[in-house]
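Q: Okay, here's the structure, questions in a sec.
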Amino acid sequence: MDKKTAIVTGANRGFGLLCSIELACKGYHVLATMRDTRKAEKLVKTAKLRETDRHITIMQLDVTSETSIHDFKEGLTKYSSIDLLLNNAGYALGGFAEEVSIEEFREQFETNVFGVMAVTQAVLPFMRQQGYGKILNMSSISGRFGFPGLSPYAASKHALEGYSESLRFELKPFGIDVFLIEPGSYKTNIWTSGMKVATRSLDKESPYYTYLKRIETELENGRDRLGDPAEIAALVGEIAVGNKTAFRIPAGKGTRGMIYIKSILPWGMLEKMIRRKLNM
């Protein structure tokens with residue numbers, strides 16, 4: 001196969017689905033991976049509407065399974081090159097640190113951090129041997145700012161940011177570029193059906209219950225301001241064709257401003273602003 005090859009994890013919905021279509025439109029043959037290929041129906045339907053279905057191959061991949069990753073890696077040998085990896089698979093776990101079990105923290109890291117590391121390790125030998133490649137890690141504004149009630153998710157994305165920094169330095173000599181995409185809030189189901197909340201924090205007897213309700217109200221009030229996820233797909237397309245070269249790329253309304261404010265304000269002042277907004 002002479003066509004450039006891109007791998008997208010978590011391709012059955014949200015950013016992953018849209019990015020798979022966008023990359024196919026940009027001339028890539030896309031290996032659209034997901035844990036359960038029975039959930040590929042929406043991607044297949046959308047690809048047919050965009051006339052990109054012949055450029056997309058659905059593949060099973062559970063980023064938390066060594067066996068699944070090994071089998072996936074074996075299947076890559078038939079492709080002449082592996083040009084781009086988009087580590088997109090992930091989910092958001094909400095809840096307050098005291099009430100999130102260590103097992104729940106581990107599960108969050110298994111997908112959002114260790115899954116990224118495992119898939120990257122599987123792909124790197126191909127890229128290093130060919131002397132080029134692009135790795136795009138889907139982070140979040142939560143990788144730069146630890147919002148209350150999201151400590152598992154924020155911790156996993158902060159870890160991903162540190163890992164990606166080291167990876168960027170390590171792979172540059174081999175012609176491989178690493179990018180961090182840092183979306184703010186978008187209309188994807190990670191904040192609806194895709195978001196999990198630790199059970200104890202949902203209990204009305206929880207000392208954090210009122211606090212949780214205030215955060216949920218704030219999220220609900222901002223629903224109309226959520227961005228169009230097609231913006232992230234377009235951004236991935238721009239990186240793929242070489243029009244974006246920055247390592248960190250914040251995306252979404254207010255994201256750059258939030259990062260800038262955090263960089264210049266003393267922590268005490270920033271803390272007061274957040275507490276005032278949440279009526280804490």
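By order in the structure tokens, chains are A, B, ...; within a chain, residues start at 1; ligands start at 1, following the order shown.
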Could you go through stretch 110-207 of chain A and tell me which residues DSSP, when run on the backbone, assigns to alpha helix (DSSP H), listing them as JSON, numbers by chain?
A: {"A": [115, 116, 117, 118, 119, 120, 121, 122, 123, 124, 125, 126, 127, 128, 129, 130, 151, 152, 153, 154, 155, 156, 157, 158, 159, 160, 161, 162, 163, 164, 165, 166, 167, 168, 169, 170, 171, 199, 200, 201, 202]}
Q: As a PyMOL selection string, please: the residues near A:Ser164 (cut-off 9 Å, only C-alpha atoms, same-chain neighbours under 5 positions excluded).
A: chain A and resi 137+159+169+178-180
Q: Just want the 7 Å neighbourhood of A:Leu85, counted on only C-alpha atoms, with same-chain residues fewer than 2 positions away dropped. Output as a list in words.
A: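 The contact residues come out as Ala6, Ile7, Val8, Asn87, Lys134, Ile135 and Leu136 of chain A.
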Q: Near A:Pro148, counting only C-alpha atoms, which residues have an atom at most 10 Å away, once you skip same-chain residues fewer than 5 positions from it, shown as a list in words?
A: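 Listing them by chain and then by number gives Gly94, Gly95, Phe96, Ala97, Ala154, Tyr211, Leu212, Ile215, Ile274, Arg275 and Leu278 of chain A.
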Q: Those same residues, written as a PDB file, in the first residue's frame with all heavy atoms?
A:
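Result went into part.pdb, see below:
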ATOM      1  N   GLY A  94     -15.114  11.705  36.934  1.00  0.00           N
ATOM      2  CA  GLY A  94     -15.293  12.787  37.884  1.00  0.00           C
ATOM      3  C   GLY A  94     -15.443  12.249  39.295  1.00  0.00           C
ATOM      4  O   GLY A  94     -15.607  11.048  39.516  1.00  0.00           O
ATOM      5  N   GLY A  95     -15.412  13.155  40.248  1.00  0.00           N
ATOM      6  CA  GLY A  95     -15.525  12.772  41.655  1.00  0.00           C
ATOM      7  C   GLY A  95     -14.461  13.478  42.469  1.00  0.00           C
ATOM      8  O   GLY A  95     -13.536  14.075  41.922  1.00  0.00           O
ATOM      9  N   PHE A  96     -14.621  13.416  43.773  1.00  0.00           N
ATOM     10  CA  PHE A  96     -13.703  14.118  44.671  1.00  0.00           C
ATOM     11  C   PHE A  96     -12.671  13.145  45.231  1.00  0.00           C
ATOM     12  O   PHE A  96     -12.970  11.993  45.536  1.00  0.00           O
ATOM     13  CB  PHE A  96     -14.505  14.801  45.777  1.00  0.00           C
ATOM     14  CG  PHE A  96     -15.414  15.860  45.217  1.00  0.00           C
ATOM     15  CD1 PHE A  96     -16.693  15.539  44.787  1.00  0.00           C
ATOM     16  CD2 PHE A  96     -14.963  17.155  45.057  1.00  0.00           C
ATOM     17  CE1 PHE A  96     -17.516  16.500  44.222  1.00  0.00           C
ATOM     18  CE2 PHE A  96     -15.775  18.129  44.495  1.00  0.00           C
ATOM     19  CZ  PHE A  96     -17.055  17.795  44.076  1.00  0.00           C
ATOM     20  N   ALA A  97     -11.444  13.632  45.329  1.00  0.00           N
ATOM     21  CA  ALA A  97     -10.296  12.770  45.594  1.00  0.00           C
ATOM     22  C   ALA A  97     -10.507  11.827  46.776  1.00  0.00           C
ATOM     23  O   ALA A  97     -10.105  10.665  46.735  1.00  0.00           O
ATOM     24  CB  ALA A  97      -9.050  13.621  45.817  1.00  0.00           C
ATOM     25  N   ALA A 154      -7.996  14.960  35.535  1.00  0.00           N
ATOM     26  CA  ALA A 154      -6.926  15.962  35.482  1.00  0.00           C
ATOM     27  C   ALA A 154      -5.567  15.327  35.750  1.00  0.00           C
ATOM     28  O   ALA A 154      -4.582  15.649  35.075  1.00  0.00           O
ATOM     29  CB  ALA A 154      -7.203  17.071  36.492  1.00  0.00           C
ATOM     30  N   TYR A 211     -21.371  20.511  46.704  1.00  0.00           N
ATOM     31  CA  TYR A 211     -20.255  21.001  45.893  1.00  0.00           C
ATOM     32  C   TYR A 211     -20.364  20.444  44.471  1.00  0.00           C
ATOM     33  O   TYR A 211     -20.224  21.165  43.476  1.00  0.00           O
ATOM     34  CB  TYR A 211     -18.974  20.540  46.579  1.00  0.00           C
ATOM     35  CG  TYR A 211     -17.677  21.129  46.126  1.00  0.00           C
ATOM     36  CD1 TYR A 211     -16.487  20.728  46.745  1.00  0.00           C
ATOM     37  CD2 TYR A 211     -17.592  22.051  45.089  1.00  0.00           C
ATOM     38  CE1 TYR A 211     -15.265  21.234  46.349  1.00  0.00           C
ATOM     39  CE2 TYR A 211     -16.369  22.559  44.687  1.00  0.00           C
ATOM     40  CZ  TYR A 211     -15.213  22.146  45.315  1.00  0.00           C
ATOM     41  OH  TYR A 211     -14.001  22.641  44.912  1.00  0.00           O
ATOM     42  N   LEU A 212     -20.655  19.116  44.378  1.00  0.00           N
ATOM     43  CA  LEU A 212     -20.799  18.473  43.083  1.00  0.00           C
ATOM     44  C   LEU A 212     -21.936  19.099  42.291  1.00  0.00           C
ATOM     45  O   LEU A 212     -21.820  19.340  41.083  1.00  0.00           O
ATOM     46  CB  LEU A 212     -21.052  16.975  43.268  1.00  0.00           C
ATOM     47  CG  LEU A 212     -21.338  16.166  41.994  1.00  0.00           C
ATOM     48  CD1 LEU A 212     -20.123  16.167  41.076  1.00  0.00           C
ATOM     49  CD2 LEU A 212     -21.736  14.737  42.340  1.00  0.00           C
ATOM     50  N   ILE A 215     -20.947  22.336  40.681  1.00  0.00           N
ATOM     51  CA  ILE A 215     -20.113  22.121  39.501  1.00  0.00           C
ATOM     52  C   ILE A 215     -20.967  21.663  38.321  1.00  0.00           C
ATOM     53  O   ILE A 215     -20.799  22.139  37.188  1.00  0.00           O
ATOM     54  CB  ILE A 215     -19.010  21.095  39.805  1.00  0.00           C
ATOM     55  CG1 ILE A 215     -18.031  21.665  40.832  1.00  0.00           C
ATOM     56  CG2 ILE A 215     -18.279  20.683  38.534  1.00  0.00           C
ATOM     57  CD1 ILE A 215     -17.012  20.670  41.335  1.00  0.00           C
ATOM     58  N   ILE A 274     -11.794  30.937  41.191  1.00  0.00           N
ATOM     59  CA  ILE A 274     -12.511  29.673  40.980  1.00  0.00           C
ATOM     60  C   ILE A 274     -13.518  29.439  42.106  1.00  0.00           C
ATOM     61  O   ILE A 274     -14.661  29.039  41.853  1.00  0.00           O
ATOM     62  CB  ILE A 274     -11.517  28.494  40.894  1.00  0.00           C
ATOM     63  CG1 ILE A 274     -10.537  28.685  39.733  1.00  0.00           C
ATOM     64  CG2 ILE A 274     -12.260  27.175  40.756  1.00  0.00           C
ATOM     65  CD1 ILE A 274     -11.189  28.748  38.371  1.00  0.00           C
ATOM     66  N   ARG A 275     -13.113  29.697  43.328  1.00  0.00           N
ATOM     67  CA  ARG A 275     -14.013  29.473  44.462  1.00  0.00           C
ATOM     68  C   ARG A 275     -15.211  30.400  44.402  1.00  0.00           C
ATOM     69  O   ARG A 275     -16.335  30.011  44.721  1.00  0.00           O
ATOM     70  CB  ARG A 275     -13.255  29.658  45.778  1.00  0.00           C
ATOM     71  CG  ARG A 275     -12.196  28.577  46.014  1.00  0.00           C
ATOM     72  CD  ARG A 275     -11.560  28.716  47.380  1.00  0.00           C
ATOM     73  NE  ARG A 275     -12.542  28.517  48.431  1.00  0.00           N
ATOM     74  CZ  ARG A 275     -12.277  28.665  49.724  1.00  0.00           C
ATOM     75  NH1 ARG A 275     -11.055  29.013  50.105  1.00  0.00           N
ATOM     76  NH2 ARG A 275     -13.202  28.447  50.634  1.00  0.00           N
ATOM     77  N   LEU A 278     -17.695  29.127  41.780  1.00  0.00           N
ATOM     78  CA  LEU A 278     -18.425  27.930  42.217  1.00  0.00           C
ATOM     79  C   LEU A 278     -19.133  28.124  43.548  1.00  0.00           C
ATOM     80  O   LEU A 278     -19.681  27.168  44.126  1.00  0.00           O
ATOM     81  CB  LEU A 278     -17.467  26.738  42.297  1.00  0.00           C
ATOM     82  CG  LEU A 278     -16.867  26.283  40.961  1.00  0.00           C
ATOM     83  CD1 LEU A 278     -15.866  25.175  41.183  1.00  0.00           C
ATOM     84  CD2 LEU A 278     -17.960  25.817  40.006  1.00  0.00           C
TER      85      LEU A 278
END
Q: I'd like the neighbourhood of stretch 36-40 of chain A as a ChimeraX atom specification, where a residue qualifies if any of its atoms comes within 7 Å (using only C-alpha atoms), though same-chain residues fewer than 2 positions away should be ignored.
A: /A:12,34,42-44,59-60
Q: Now that the selection is made, can you save its residues with all heavy atoms as a PDB file, in the first residue's frame?
A:
ATOM      1  N   ASN A  12     -14.684   5.140  17.367  1.00  0.00           N
ATOM      2  CA  ASN A  12     -16.104   4.868  17.166  1.00  0.00           C
ATOM      3  C   ASN A  12     -17.016   6.048  17.491  1.00  0.00           C
ATOM      4  O   ASN A  12     -18.205   6.036  17.171  1.00  0.00           O
ATOM      5  CB  ASN A  12     -16.531   3.656  18.001  1.00  0.00           C
ATOM      6  CG  ASN A  12     -16.284   3.845  19.490  1.00  0.00           C
ATOM      7  OD1 ASN A  12     -15.125   4.044  19.882  1.00  0.00           O
ATOM      8  ND2 ASN A  12     -17.323   3.799  20.301  1.00  0.00           N
ATOM      9  N   MET A  34     -11.010   0.496  17.734  1.00  0.00           N
ATOM     10  CA  MET A  34     -11.950   0.627  18.850  1.00  0.00           C
ATOM     11  C   MET A  34     -11.991  -0.696  19.597  1.00  0.00           C
ATOM     12  O   MET A  34     -11.657  -1.753  19.043  1.00  0.00           O
ATOM     13  CB  MET A  34     -13.344   1.007  18.344  1.00  0.00           C
ATOM     14  CG  MET A  34     -13.926   0.032  17.337  1.00  0.00           C
ATOM     15  SD  MET A  34     -15.275   0.749  16.347  1.00  0.00           S
ATOM     16  CE  MET A  34     -14.366   1.887  15.296  1.00  0.00           C
ATOM     17  N   LYS A  42     -21.803   3.980  13.299  1.00  0.00           N
ATOM     18  CA  LYS A  42     -21.885   5.421  13.024  1.00  0.00           C
ATOM     19  C   LYS A  42     -20.709   5.881  12.173  1.00  0.00           C
ATOM     20  O   LYS A  42     -20.870   6.683  11.249  1.00  0.00           O
ATOM     21  CB  LYS A  42     -21.942   6.215  14.330  1.00  0.00           C
ATOM     22  CG  LYS A  42     -22.152   7.706  14.114  1.00  0.00           C
ATOM     23  CD  LYS A  42     -22.284   8.447  15.431  1.00  0.00           C
ATOM     24  CE  LYS A  42     -22.500   9.941  15.179  1.00  0.00           C
ATOM     25  NZ  LYS A  42     -22.626  10.705  16.455  1.00  0.00           N
ATOM     26  N   LEU A  43     -19.522   5.375  12.474  1.00  0.00           N
ATOM     27  CA  LEU A  43     -18.342   5.730  11.686  1.00  0.00           C
ATOM     28  C   LEU A  43     -18.502   5.267  10.246  1.00  0.00           C
ATOM     29  O   LEU A  43     -18.231   6.024   9.300  1.00  0.00           O
ATOM     30  CB  LEU A  43     -17.084   5.114  12.300  1.00  0.00           C
ATOM     31  CG  LEU A  43     -15.792   5.230  11.484  1.00  0.00           C
ATOM     32  CD1 LEU A  43     -15.447   6.686  11.219  1.00  0.00           C
ATOM     33  CD2 LEU A  43     -14.641   4.522  12.192  1.00  0.00           C
ATOM     34  N   VAL A  44     -18.944   4.039  10.061  1.00  0.00           N
ATOM     35  CA  VAL A  44     -19.121   3.487   8.714  1.00  0.00           C
ATOM     36  C   VAL A  44     -20.142   4.307   7.937  1.00  0.00           C
ATOM     37  O   VAL A  44     -19.926   4.657   6.755  1.00  0.00           O
ATOM     38  CB  VAL A  44     -19.554   2.011   8.790  1.00  0.00           C
ATOM     39  CG1 VAL A  44     -19.936   1.493   7.409  1.00  0.00           C
ATOM     40  CG2 VAL A  44     -18.436   1.159   9.384  1.00  0.00           C
ATOM     41  N   MET A  59     -10.597  -1.704  12.875  1.00  0.00           N
ATOM     42  CA  MET A  59      -9.777  -2.720  13.532  1.00  0.00           C
ATOM     43  C   MET A  59     -10.070  -2.748  15.028  1.00  0.00           C
ATOM     44  O   MET A  59     -10.324  -1.706  15.641  1.00  0.00           O
ATOM     45  CB  MET A  59      -8.294  -2.448  13.298  1.00  0.00           C
ATOM     46  CG  MET A  59      -7.877  -2.516  11.840  1.00  0.00           C
ATOM     47  SD  MET A  59      -6.094  -2.269  11.591  1.00  0.00           S
ATOM     48  CE  MET A  59      -5.430  -3.798  12.255  1.00  0.00           C
ATOM     49  N   GLN A  60     -10.035  -3.940  15.596  1.00  0.00           N
ATOM     50  CA  GLN A  60     -10.242  -4.096  17.034  1.00  0.00           C
ATOM     51  C   GLN A  60      -8.961  -3.761  17.784  1.00  0.00           C
ATOM     52  O   GLN A  60      -7.878  -4.224  17.425  1.00  0.00           O
ATOM     53  CB  GLN A  60     -10.679  -5.533  17.351  1.00  0.00           C
ATOM     54  CG  GLN A  60     -11.263  -5.730  18.741  1.00  0.00           C
ATOM     55  CD  GLN A  60     -10.208  -5.854  19.847  1.00  0.00           C
ATOM     56  OE1 GLN A  60      -9.083  -6.281  19.606  1.00  0.00           O
ATOM     57  NE2 GLN A  60     -10.565  -5.477  21.059  1.00  0.00           N
TER      58      GLN A  60
END
Q: I want to know what sits within 12 Å of A:Glu66, based on only C-alpha atoms, with residues of the same chain fewer than 2 positions away left out; could you give that as a ChimeraX atom specification?
A: /A:61-64,68-73,110,114-115,117-119,121-122
Q: Would you save the residues from that selection as a PDB file, in the first residue's frame, using N, CA, C and O atoms?
A:
ATOM      1  N   LEU A  61      -9.082  -2.936  18.811  1.00  0.00           N
ATOM      2  CA  LEU A  61      -7.939  -2.628  19.665  1.00  0.00           C
ATOM      3  C   LEU A  61      -8.436  -2.139  21.010  1.00  0.00           C
ATOM      4  O   LEU A  61      -9.111  -1.115  21.105  1.00  0.00           O
ATOM      5  N   ASP A  62      -8.088  -2.886  22.041  1.00  0.00           N
ATOM      6  CA  ASP A  62      -8.342  -2.471  23.423  1.00  0.00           C
ATOM      7  C   ASP A  62      -7.009  -1.981  23.975  1.00  0.00           C
ATOM      8  O   ASP A  62      -6.086  -2.773  24.180  1.00  0.00           O
ATOM      9  N   VAL A  63      -6.902  -0.679  24.202  1.00  0.00           N
ATOM     10  CA  VAL A  63      -5.616  -0.100  24.595  1.00  0.00           C
ATOM     11  C   VAL A  63      -5.174  -0.540  25.983  1.00  0.00           C
ATOM     12  O   VAL A  63      -4.023  -0.297  26.374  1.00  0.00           O
ATOM     13  N   THR A  64      -6.057  -1.190  26.733  1.00  0.00           N
ATOM     14  CA  THR A  64      -5.699  -1.657  28.072  1.00  0.00           C
ATOM     15  C   THR A  64      -5.345  -3.145  28.086  1.00  0.00           C
ATOM     16  O   THR A  64      -5.066  -3.707  29.141  1.00  0.00           O
ATOM     17  N   SER A  68      -4.440  -7.695  23.006  1.00  0.00           N
ATOM     18  CA  SER A  68      -5.037  -6.935  21.914  1.00  0.00           C
ATOM     19  C   SER A  68      -3.990  -6.078  21.207  1.00  0.00           C
ATOM     20  O   SER A  68      -3.938  -6.020  19.970  1.00  0.00           O
ATOM     21  N   ILE A  69      -3.132  -5.421  21.979  1.00  0.00           N
ATOM     22  CA  ILE A  69      -2.098  -4.568  21.403  1.00  0.00           C
ATOM     23  C   ILE A  69      -1.086  -5.398  20.618  1.00  0.00           C
ATOM     24  O   ILE A  69      -0.647  -5.011  19.530  1.00  0.00           O
ATOM     25  N   HIS A  70      -0.722  -6.565  21.144  1.00  0.00           N
ATOM     26  CA  HIS A  70       0.216  -7.459  20.445  1.00  0.00           C
ATOM     27  C   HIS A  70      -0.362  -7.885  19.097  1.00  0.00           C
ATOM     28  O   HIS A  70       0.323  -7.847  18.063  1.00  0.00           O
ATOM     29  N   ASP A  71      -1.632  -8.289  19.096  1.00  0.00           N
ATOM     30  CA  ASP A  71      -2.267  -8.731  17.850  1.00  0.00           C
ATOM     31  C   ASP A  71      -2.360  -7.573  16.854  1.00  0.00           C
ATOM     32  O   ASP A  71      -2.159  -7.764  15.650  1.00  0.00           O
ATOM     33  N   PHE A  72      -2.658  -6.389  17.364  1.00  0.00           N
ATOM     34  CA  PHE A  72      -2.748  -5.214  16.502  1.00  0.00           C
ATOM     35  C   PHE A  72      -1.392  -4.911  15.875  1.00  0.00           C
ATOM     36  O   PHE A  72      -1.292  -4.644  14.668  1.00  0.00           O
ATOM     37  N   LYS A  73      -0.346  -4.984  16.678  1.00  0.00           N
ATOM     38  CA  LYS A  73       1.007  -4.714  16.182  1.00  0.00           C
ATOM     39  C   LYS A  73       1.382  -5.701  15.077  1.00  0.00           C
ATOM     40  O   LYS A  73       2.004  -5.317  14.069  1.00  0.00           O
ATOM     41  N   GLU A 110      -5.171   3.556  33.401  1.00  0.00           N
ATOM     42  CA  GLU A 110      -4.976   2.433  32.479  1.00  0.00           C
ATOM     43  C   GLU A 110      -5.329   2.837  31.048  1.00  0.00           C
ATOM     44  O   GLU A 110      -4.614   2.497  30.099  1.00  0.00           O
ATOM     45  N   PHE A 114      -1.544   4.718  30.504  1.00  0.00           N
ATOM     46  CA  PHE A 114      -0.841   3.491  30.138  1.00  0.00           C
ATOM     47  C   PHE A 114      -1.278   2.977  28.770  1.00  0.00           C
ATOM     48  O   PHE A 114      -0.481   2.382  28.034  1.00  0.00           O
ATOM     49  N   GLY A 115      -2.542   3.207  28.415  1.00  0.00           N
ATOM     50  CA  GLY A 115      -3.007   2.824  27.078  1.00  0.00           C
ATOM     51  C   GLY A 115      -2.264   3.578  26.000  1.00  0.00           C
ATOM     52  O   GLY A 115      -1.859   3.009  24.973  1.00  0.00           O
ATOM     53  N   MET A 117       0.731   4.922  26.309  1.00  0.00           N
ATOM     54  CA  MET A 117       2.117   4.443  26.313  1.00  0.00           C
ATOM     55  C   MET A 117       2.253   3.112  25.583  1.00  0.00           C
ATOM     56  O   MET A 117       3.198   2.909  24.805  1.00  0.00           O
ATOM     57  N   ALA A 118       1.318   2.216  25.825  1.00  0.00           N
ATOM     58  CA  ALA A 118       1.401   0.876  25.234  1.00  0.00           C
ATOM     59  C   ALA A 118       1.241   0.922  23.716  1.00  0.00           C
ATOM     60  O   ALA A 118       1.990   0.266  22.980  1.00  0.00           O
ATOM     61  N   VAL A 119       0.268   1.676  23.237  1.00  0.00           N
ATOM     62  CA  VAL A 119       0.059   1.782  21.790  1.00  0.00           C
ATOM     63  C   VAL A 119       1.237   2.481  21.137  1.00  0.00           C
ATOM     64  O   VAL A 119       1.708   2.090  20.071  1.00  0.00           O
ATOM     65  N   GLN A 121       4.350   2.516  22.172  1.00  0.00           N
ATOM     66  CA  GLN A 121       5.470   1.568  22.122  1.00  0.00           C
ATOM     67  C   GLN A 121       5.309   0.568  20.979  1.00  0.00           C
ATOM     68  O   GLN A 121       6.291   0.152  20.364  1.00  0.00           O
ATOM     69  N   ALA A 122       4.066   0.189  20.695  1.00  0.00           N
ATOM     70  CA  ALA A 122       3.825  -0.771  19.619  1.00  0.00           C
ATOM     71  C   ALA A 122       4.115  -0.167  18.250  1.00  0.00           C
ATOM     72  O   ALA A 122       4.604  -0.852  17.344  1.00  0.00           O
TER      73      ALA A 122
END
Q: Applying 12 Å and only C-alpha atoms, which residues near stretch 74-83 of chain A remain after dropping the ones on its own chain fewer than 6 positions away? List them as a count of residues only.
A: 42
Q: Which parts of stretch 18-266 of chain A does DSSP call strand (DSSP E) when run on the backbone here, written out as a VMD selection string?
A: chain A and resid 28 to 34 56 to 60 84 to 87 92 to 94 133 to 138 176 to 183 195 to 197 248 to 251
Q: Nearest to A:Phe15: which of A:Ile232, A:Ile58, A:Leu150, A:Leu171 is it, counting only C-alpha atoms?
A: A:Ile232
Q: Please indicate the distance in Å from atom CA of A:Pro152 to atom CA of A:Ser206, rounded to one decimal place.
A: 17.9 Å
Q: To one decimal place in Å, what is the distance between atom CA of A:Thr255 and atom CA of A:Tyr209?
A: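 Pair atom CA of A:Thr255 / atom CA of A:Tyr209 returns 27.5 Å.
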Q: Name the closest residue to A:Ala246 among the candidates A:Leu167, A:Ile181, A:Val116, A:Leu18; distances are taken between atoms, counting only C-alpha atoms.
A: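 Checking each candidate against A:Ala246, we get A:Ile181 as the closest.
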Q: Between A:Ala251, A:Leu226, A:Ala234, A:Ala47, which has the minimum distance to A:Ser140 (counting only C-alpha atoms)?
A: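 Of A:Ala251, A:Leu226, A:Ala234, A:Ala47, the one nearest A:Ser140 is A:Ala251, counting only C-alpha atoms.
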